[in-house]
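These notes concern the structure reproduced below.
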Amino acid sequence: MNLLFRLSVALVVVACLAGMPFSAPLHAQQFRAVEAAPAWKRALAGETIAGPLTFDTRVYAASADRSVTCLSLDGAFLWSRLLPGKPAALMTVSPDGTVYVPSENGAITALNPDGSFLWQLGGKTPPLFAPYPGRDGRLFLVYRNRVVCITPGGAVKWTLILPPATLQTSVSAAFLPPPSETADGDLLLAAADNTVLRISVYGELLEMTTMPSPVTALSPLPGGYAVSLAEGTVRAFDVRNRRAGADTERVWDAHTDSSALALSAAEGTLVSVHADGTIRGLNITDGSLLWKAGFLQGRKIPVGLPGTQVFISFDSGQFNIGFPGYSCAITPAGLPVWEMFLPSALRTPVVSGTGYVYAATADWILWGYRAETRIKIEKKAQKAQNYGILNGRSTEFGMPFASDPLEVRAFFDRVTSDIGDGTVGTGESGYARRLSEILANETDSRFGGRPYDVTERGRAATLLGQLGSYEYRASLLEAAYGDFDTSLAIGILYGLASLGNDRDGQSLATVAHLVKKAGPRESAVIRAACDALYALIRYSAGKTALEGTRMLSEFLESPYEGQVQLYARKILGNILQ
């Protein structure tokens, strides 16, 4: 009886599992892709050179007619802006919505999400890769022999000259993966000599790790990073413990039959898209194979051709994947969400957070496909990442304590000089921490410290913003809600103006708070508020721009003085140009 009972239970379990769409370890699943029909097609003014790229509910493409076009998720035309030259195939949309478009003549143009011109950075040649956005608004530009870091406002923070052995050409770069980062935010570059360069956000070349074969993909992993090699190995490194002489430790290798062309990690799974037409899910802890999915079904899709671009992202609890002729979504557990075959003429498709797939052809057409219908198109709230630059005191970064007014002034002059010369580099951590301490009026009585006066605190606020990291905004906001002083308020407003983008509306609320505290007769504060609003409107766009414009319009009439009204009118005129 007991044996019969066990057999019955086993048969029931097997029957149930047979109908369950699950992915057992080491069990290959076959995707059931269908031919996709486009939801819409849009003719552009020229062949798509860069993009399409997506942000929120918008899609961007740069065309051969020297323009950038923005469409809505359903293909409706929103705006188009001219560029100073033919775009290179290197456009980027940063997490704050700024559109960066390098041109073949070396210029890099920055546009806000509404298409307004922000700034332009000159150059002789375009970077080798699309500009890589950092976690705090900074942008990394990788050239043949150097890496340049710039602020959200387009100012150079530092330049790192690369070792001669790593020099690349545009040809070699075409076969290398784009830049990536470690879990802590160090920049990762694959070089032409089979090395991986790890570079700090301050422009320090921390390490060069030699690989046994060319690198084909890079991805951050908890505690370190992963690389894929041309020989078919996926290798994980741990860089959490920076011990002298052993900054990076290899923790596991996973051997496969072909190289991975793209990597992405989330929820304990490292997903790799391979040249042989398979997707693998690896355990990020030890590299063991969790699942394997095949998706080509005998189709001759050129996944493994040299230089083939593969799109991969993690959004709404699933990995979205695209390459010429195919796009799909798969969960971290290996379960297919959707998949579709696309016309072979389409270039690498991208998948938006709204469930659309976008791709372009050489005949000036942009295609949109509805892969899935999401009732809620807002992204799931994610924990904000940063570099922790303000963690610890300035003395921990080698900054000598300074309290004397002359010493403080000399410190301000040094920071100002480095910002203007684009040589902040390794000094940023100490500079930012010291400026934050002065702004917060933190002193150290052990060294005969004195309270900082409001003029010093105001200048510290301005310089902190000019250093160009969104991480510093919290210090500015906190100081704004303390005791009010005119000099301090002006410094905070100009600090916020330098940081620009305000997607959460907190900077606008702080401007309104300082204006209310100052009152209509404090014309210097109101003029600084006008400048801050101008920057917030230009860099933020959308609702922030509308609210900022409304706030500016309040300065056009009584009780504000005539000079303030004229200044506000001038600012509004600049915005409307």
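By convention in this document, the chains of the structure tokens carry letters A, B, ... by their order, each chain's residues are numbered from 1, and ligands are numbered from 1 in the order they are shown.
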
_as a ChimeraX atom specification, please: every residue in segment 84-228 of chain A that DSSP puts in strand (DSSP E or B)._
/A:87,92-93,99-103,108-111,117-121,132-133,139-142,146-150,156-161,180-181,187-190,195-199,205-210,215-221,224-228

Residues near Ile279 of chain A, cut-off 6 Å, only C-alpha atoms, skip fewer than 6 positions along chain, as a PDB file with C-alpha atoms, in the first residue's frame:
```
ATOM      1  CA  SER A 272      24.945  35.747 -21.383  1.00  0.00           C
ATOM      2  CA  VAL A 273      23.938  35.934 -25.059  1.00  0.00           C
ATOM      3  CA  LYS A 292      20.158  27.341 -21.150  1.00  0.00           C
ATOM      4  CA  ALA A 293      17.769  28.485 -23.859  1.00  0.00           C
TER       5      ALA A 293
END
```

*May I have the residues within 8 Å of segment 78-90 of chain A as a list in words, using only C-alpha atoms and disregarding those fewer than 3 positions away in the same chain?*
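The residues that qualify are Ile49, Ala50, Gly51, Ala62, Ser63, Ala64, Asp65, Arg66, Ser67, Val68, Thr69, Cys70, Leu71, Ser72, Val101, Pro102, Ser103, Glu104, Asn105, Ala107, Thr109, Asp114, Gly115, Pro126, Phe129, Ala130 and Pro131 of chain A.
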
*Quote the spacing between atom CA of Trp291 of chain A and atom CA of Asn320 of chain A in Å to one decimal place.*
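One can read the atom CA of Trp291 of chain A to atom CA of Asn320 of chain A distance as 16.4 Å.
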
_One-decimal distance in Å that lies between atom CA of Val196 of chain A and atom CA of Asp136 of chain A_ =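 So the answer is 23.2 Å.
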
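The spacing separating atom CA of Ala190 of chain A from atom CA of Val148 of chain A amounts to 16.0 Å.
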
*Hey, what's within 7 Å of Ala461 of chain A if we count only C-alpha atoms and toss same-chain stuff fewer than 4 positions away? As a PyMOL selection string, please?*
chain A and resi 439+457+465+476+491-492+495

_A:Asn194, A:Thr462, A:Ser200, A:Thr354 ranked by distance to Pro212 of chain A, top pick (using only C-alpha atoms)_ =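 The closest residue to Pro212 of chain A is A:Asn194.
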
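Within 9 Å of Ala37 of chain A, once only C-alpha atoms are used and residues closer than 3 positions along the same chain are dropped, the contacting residues are Trp40, Leu342, Tyr369 and Arg370 of chain A.
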
Go ahead and write the selection's residues with all heavy atoms as a compact mmCIF listing (two decimals), in the first residue's frame.
```
# COMPACT_ATOMS: atom_id res chain seq x y z
N TRP A 40 3.87 50.20 -36.00
CA TRP A 40 3.95 51.42 -36.80
C TRP A 40 5.29 51.51 -37.50
O TRP A 40 6.25 50.83 -37.12
CB TRP A 40 3.72 52.67 -35.96
CG TRP A 40 4.60 52.81 -34.74
CD1 TRP A 40 4.30 52.46 -33.47
CD2 TRP A 40 5.95 53.31 -34.71
NE1 TRP A 40 5.36 52.71 -32.63
CE2 TRP A 40 6.39 53.25 -33.35
CE3 TRP A 40 6.83 53.82 -35.65
CZ2 TRP A 40 7.66 53.66 -32.95
CZ3 TRP A 40 8.11 54.24 -35.26
CH2 TRP A 40 8.50 54.16 -33.92
N LEU A 342 12.26 39.17 -36.47
CA LEU A 342 12.12 40.45 -37.14
C LEU A 342 12.70 40.35 -38.55
O LEU A 342 13.52 39.47 -38.83
CB LEU A 342 12.84 41.54 -36.35
CG LEU A 342 12.39 41.70 -34.89
CD1 LEU A 342 13.31 42.66 -34.15
CD2 LEU A 342 10.95 42.21 -34.84
N TYR A 369 7.50 47.84 -32.77
CA TYR A 369 6.74 46.61 -32.55
C TYR A 369 6.24 46.57 -31.11
O TYR A 369 6.99 46.90 -30.18
CB TYR A 369 7.62 45.37 -32.80
CG TYR A 369 8.08 45.21 -34.21
CD1 TYR A 369 9.20 45.89 -34.68
CD2 TYR A 369 7.41 44.36 -35.09
CE1 TYR A 369 9.64 45.73 -35.99
CE2 TYR A 369 7.84 44.20 -36.40
CZ TYR A 369 8.95 44.89 -36.84
OH TYR A 369 9.38 44.74 -38.13
N ARG A 370 5.02 46.17 -30.93
CA ARG A 370 4.48 46.02 -29.58
C ARG A 370 4.75 44.59 -29.13
O ARG A 370 4.11 43.65 -29.57
CB ARG A 370 2.99 46.32 -29.55
CG ARG A 370 2.29 45.95 -28.25
CD ARG A 370 2.84 46.74 -27.06
NE ARG A 370 2.21 48.04 -26.92
CZ ARG A 370 2.48 48.87 -25.93
NH1 ARG A 370 3.37 48.52 -25.00
NH2 ARG A 370 1.90 50.04 -25.85
```

*Got a sec: who's within 8 Å of Val415 of chain A, counting only C-alpha atoms, leaving out chain neighbours fewer than 5 positions off, as a VMD selection string?*
chain A and resid 424 431 463

Since we have the selection now, will you write its residues out, keeping N, CA, C and O atoms, as a PDB file, in the first residue's frame?
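The resulting file, result20.pdb, is reproduced below:
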```
ATOM      1  N   VAL A 424      40.606  68.446 -11.902  1.00  0.00           N
ATOM      2  CA  VAL A 424      40.134  68.080 -10.555  1.00  0.00           C
ATOM      3  C   VAL A 424      40.635  66.688 -10.192  1.00  0.00           C
ATOM      4  O   VAL A 424      41.236  66.469  -9.145  1.00  0.00           O
ATOM      5  N   TYR A 431      38.302  67.487  -2.064  1.00  0.00           N
ATOM      6  CA  TYR A 431      37.663  68.783  -2.301  1.00  0.00           C
ATOM      7  C   TYR A 431      36.187  68.751  -1.914  1.00  0.00           C
ATOM      8  O   TYR A 431      35.687  69.631  -1.211  1.00  0.00           O
ATOM      9  N   LEU A 463      31.014  76.151  -5.314  1.00  0.00           N
ATOM     10  CA  LEU A 463      32.067  75.269  -5.811  1.00  0.00           C
ATOM     11  C   LEU A 463      31.649  73.805  -5.761  1.00  0.00           C
ATOM     12  O   LEU A 463      32.002  73.012  -6.650  1.00  0.00           O
TER      13      LEU A 463
END
```

Taking the DSSP assignment computed from this structure's backbone, write out as a short mmCIF file (atom, residue, chain, number, x, y, z; two decimals) with C-alpha atoms, in the first residue's frame all residues of segment 337-573 of chain A that belong to alpha helix (DSSP H).
```
data_model
loop_
_atom_site.label_atom_id
_atom_site.label_comp_id
_atom_site.auth_asym_id
_atom_site.auth_seq_id
_atom_site.Cartn_x
_atom_site.Cartn_y
_atom_site.Cartn_z
CA PRO A 405 40.52 82.61 6.66
CA LEU A 406 43.59 82.94 4.44
CA GLU A 407 44.00 79.17 4.31
CA VAL A 408 40.31 78.73 3.48
CA ARG A 409 40.57 81.33 0.73
CA ALA A 410 43.65 79.61 -0.69
CA PHE A 411 41.73 76.31 -0.69
CA PHE A 412 38.83 77.90 -2.58
CA ASP A 413 41.26 79.34 -5.14
CA ARG A 414 42.88 75.94 -5.65
CA VAL A 415 39.54 74.24 -6.23
CA THR A 416 38.45 77.03 -8.59
CA SER A 417 41.67 76.70 -10.56
CA ASP A 418 41.37 72.92 -10.91
CA ILE A 419 37.75 73.18 -12.00
CA GLY A 420 38.65 75.77 -14.63
CA ASP A 421 41.66 73.80 -15.87
CA GLU A 428 37.72 65.53 -6.08
CA SER A 429 37.06 63.33 -3.05
CA GLY A 430 38.98 65.61 -0.69
CA TYR A 431 37.66 68.78 -2.30
CA ALA A 432 34.04 67.67 -2.18
CA ARG A 433 34.24 66.48 1.42
CA ARG A 434 35.95 69.68 2.60
CA LEU A 435 33.47 71.90 0.74
CA SER A 436 30.60 69.92 2.22
CA GLU A 437 32.06 70.36 5.72
CA ILE A 438 32.43 74.12 5.24
CA LEU A 439 28.89 74.37 3.85
CA VAL A 454 28.28 82.69 5.71
CA THR A 455 30.37 84.09 2.86
CA GLU A 456 32.70 81.08 3.06
CA ARG A 457 29.76 78.72 3.28
CA GLY A 458 28.14 80.35 0.26
CA ARG A 459 31.29 80.03 -1.84
CA ALA A 460 31.66 76.41 -0.74
CA ALA A 461 28.10 75.76 -1.97
CA THR A 462 28.82 77.23 -5.39
CA LEU A 463 32.07 75.27 -5.81
CA LEU A 464 30.42 72.05 -4.64
CA GLY A 465 27.88 72.38 -7.42
CA GLN A 466 30.56 73.24 -9.96
CA ARG A 473 22.96 68.04 -4.21
CA ALA A 474 21.84 66.56 -0.88
CA SER A 475 24.36 68.76 0.95
CA LEU A 476 23.06 71.84 -0.86
CA LEU A 477 19.43 71.02 -0.09
CA GLU A 478 20.17 70.39 3.58
CA ALA A 479 21.99 73.71 3.97
CA ALA A 480 19.13 75.56 2.24
CA THR A 486 21.62 86.12 1.82
CA SER A 487 25.21 85.13 0.93
CA LEU A 488 24.58 81.49 1.77
CA ALA A 489 21.32 81.41 -0.21
CA ILE A 490 23.00 82.87 -3.30
CA GLY A 491 25.80 80.31 -3.09
CA ILE A 492 23.32 77.44 -2.79
CA LEU A 493 21.29 78.70 -5.75
CA TYR A 494 24.34 78.90 -7.98
CA GLY A 495 25.41 75.45 -6.79
CA LEU A 496 22.04 74.05 -7.82
CA ALA A 497 22.30 75.88 -11.14
CA SER A 498 25.61 74.13 -11.87
CA LEU A 499 24.09 70.70 -11.20
CA GLN A 506 13.50 68.84 -5.03
CA SER A 507 15.75 71.53 -6.49
CA LEU A 508 12.74 73.55 -7.64
CA ALA A 509 11.18 73.24 -4.19
CA THR A 510 14.42 74.47 -2.64
CA VAL A 511 14.52 77.50 -4.95
CA ALA A 512 10.94 78.33 -3.97
CA HIS A 513 11.85 77.96 -0.28
CA LEU A 514 14.84 80.33 -0.55
CA VAL A 515 12.80 82.88 -2.51
CA LYS A 516 10.13 82.84 0.16
CA LYS A 517 12.72 83.20 2.94
CA ALA A 518 14.43 86.08 1.15
CA SER A 523 16.96 91.38 -5.31
CA ALA A 524 20.36 89.60 -5.27
CA VAL A 525 18.73 86.38 -4.09
CA ILE A 526 15.89 86.69 -6.61
CA ARG A 527 18.34 87.21 -9.48
CA ALA A 528 20.28 84.13 -8.37
CA ALA A 529 16.97 82.26 -8.24
CA CYS A 530 16.31 83.32 -11.85
CA ASP A 531 19.68 81.87 -12.88
CA ALA A 532 18.98 78.64 -10.99
CA LEU A 533 15.55 78.31 -12.59
CA TYR A 534 17.06 78.88 -16.02
CA ALA A 535 19.43 75.95 -15.53
CA LEU A 536 16.77 73.68 -14.03
CA ILE A 537 14.35 74.41 -16.88
CA ARG A 538 16.96 73.75 -19.58
CA TYR A 539 18.39 70.55 -18.14
CA SER A 540 15.25 68.96 -16.72
CA GLY A 542 9.00 68.17 -18.93
CA LYS A 543 7.04 69.00 -15.77
CA THR A 544 10.06 70.57 -14.12
CA ALA A 545 10.45 72.97 -17.04
CA LEU A 546 6.78 73.95 -16.88
CA GLU A 547 6.87 74.53 -13.14
CA GLY A 548 10.16 76.44 -13.38
CA THR A 549 8.74 78.66 -16.10
CA ARG A 550 5.70 79.38 -13.96
CA MET A 551 7.95 80.35 -11.04
CA LEU A 552 9.99 82.65 -13.29
CA SER A 553 6.85 84.38 -14.54
CA GLY A 562 11.72 96.67 -11.68
CA GLN A 563 15.29 95.43 -12.15
CA VAL A 564 14.27 91.97 -11.02
CA GLN A 565 11.35 92.01 -13.44
CA LEU A 566 13.64 92.98 -16.33
CA TYR A 567 16.10 90.24 -15.42
CA ALA A 568 13.37 87.60 -15.20
CA ARG A 569 12.01 88.73 -18.57
CA LYS A 570 15.47 88.36 -20.09
CA ILE A 571 15.81 84.84 -18.68
CA LEU A 572 12.42 83.86 -20.09
CA GLY A 573 13.47 85.27 -23.46
#
```
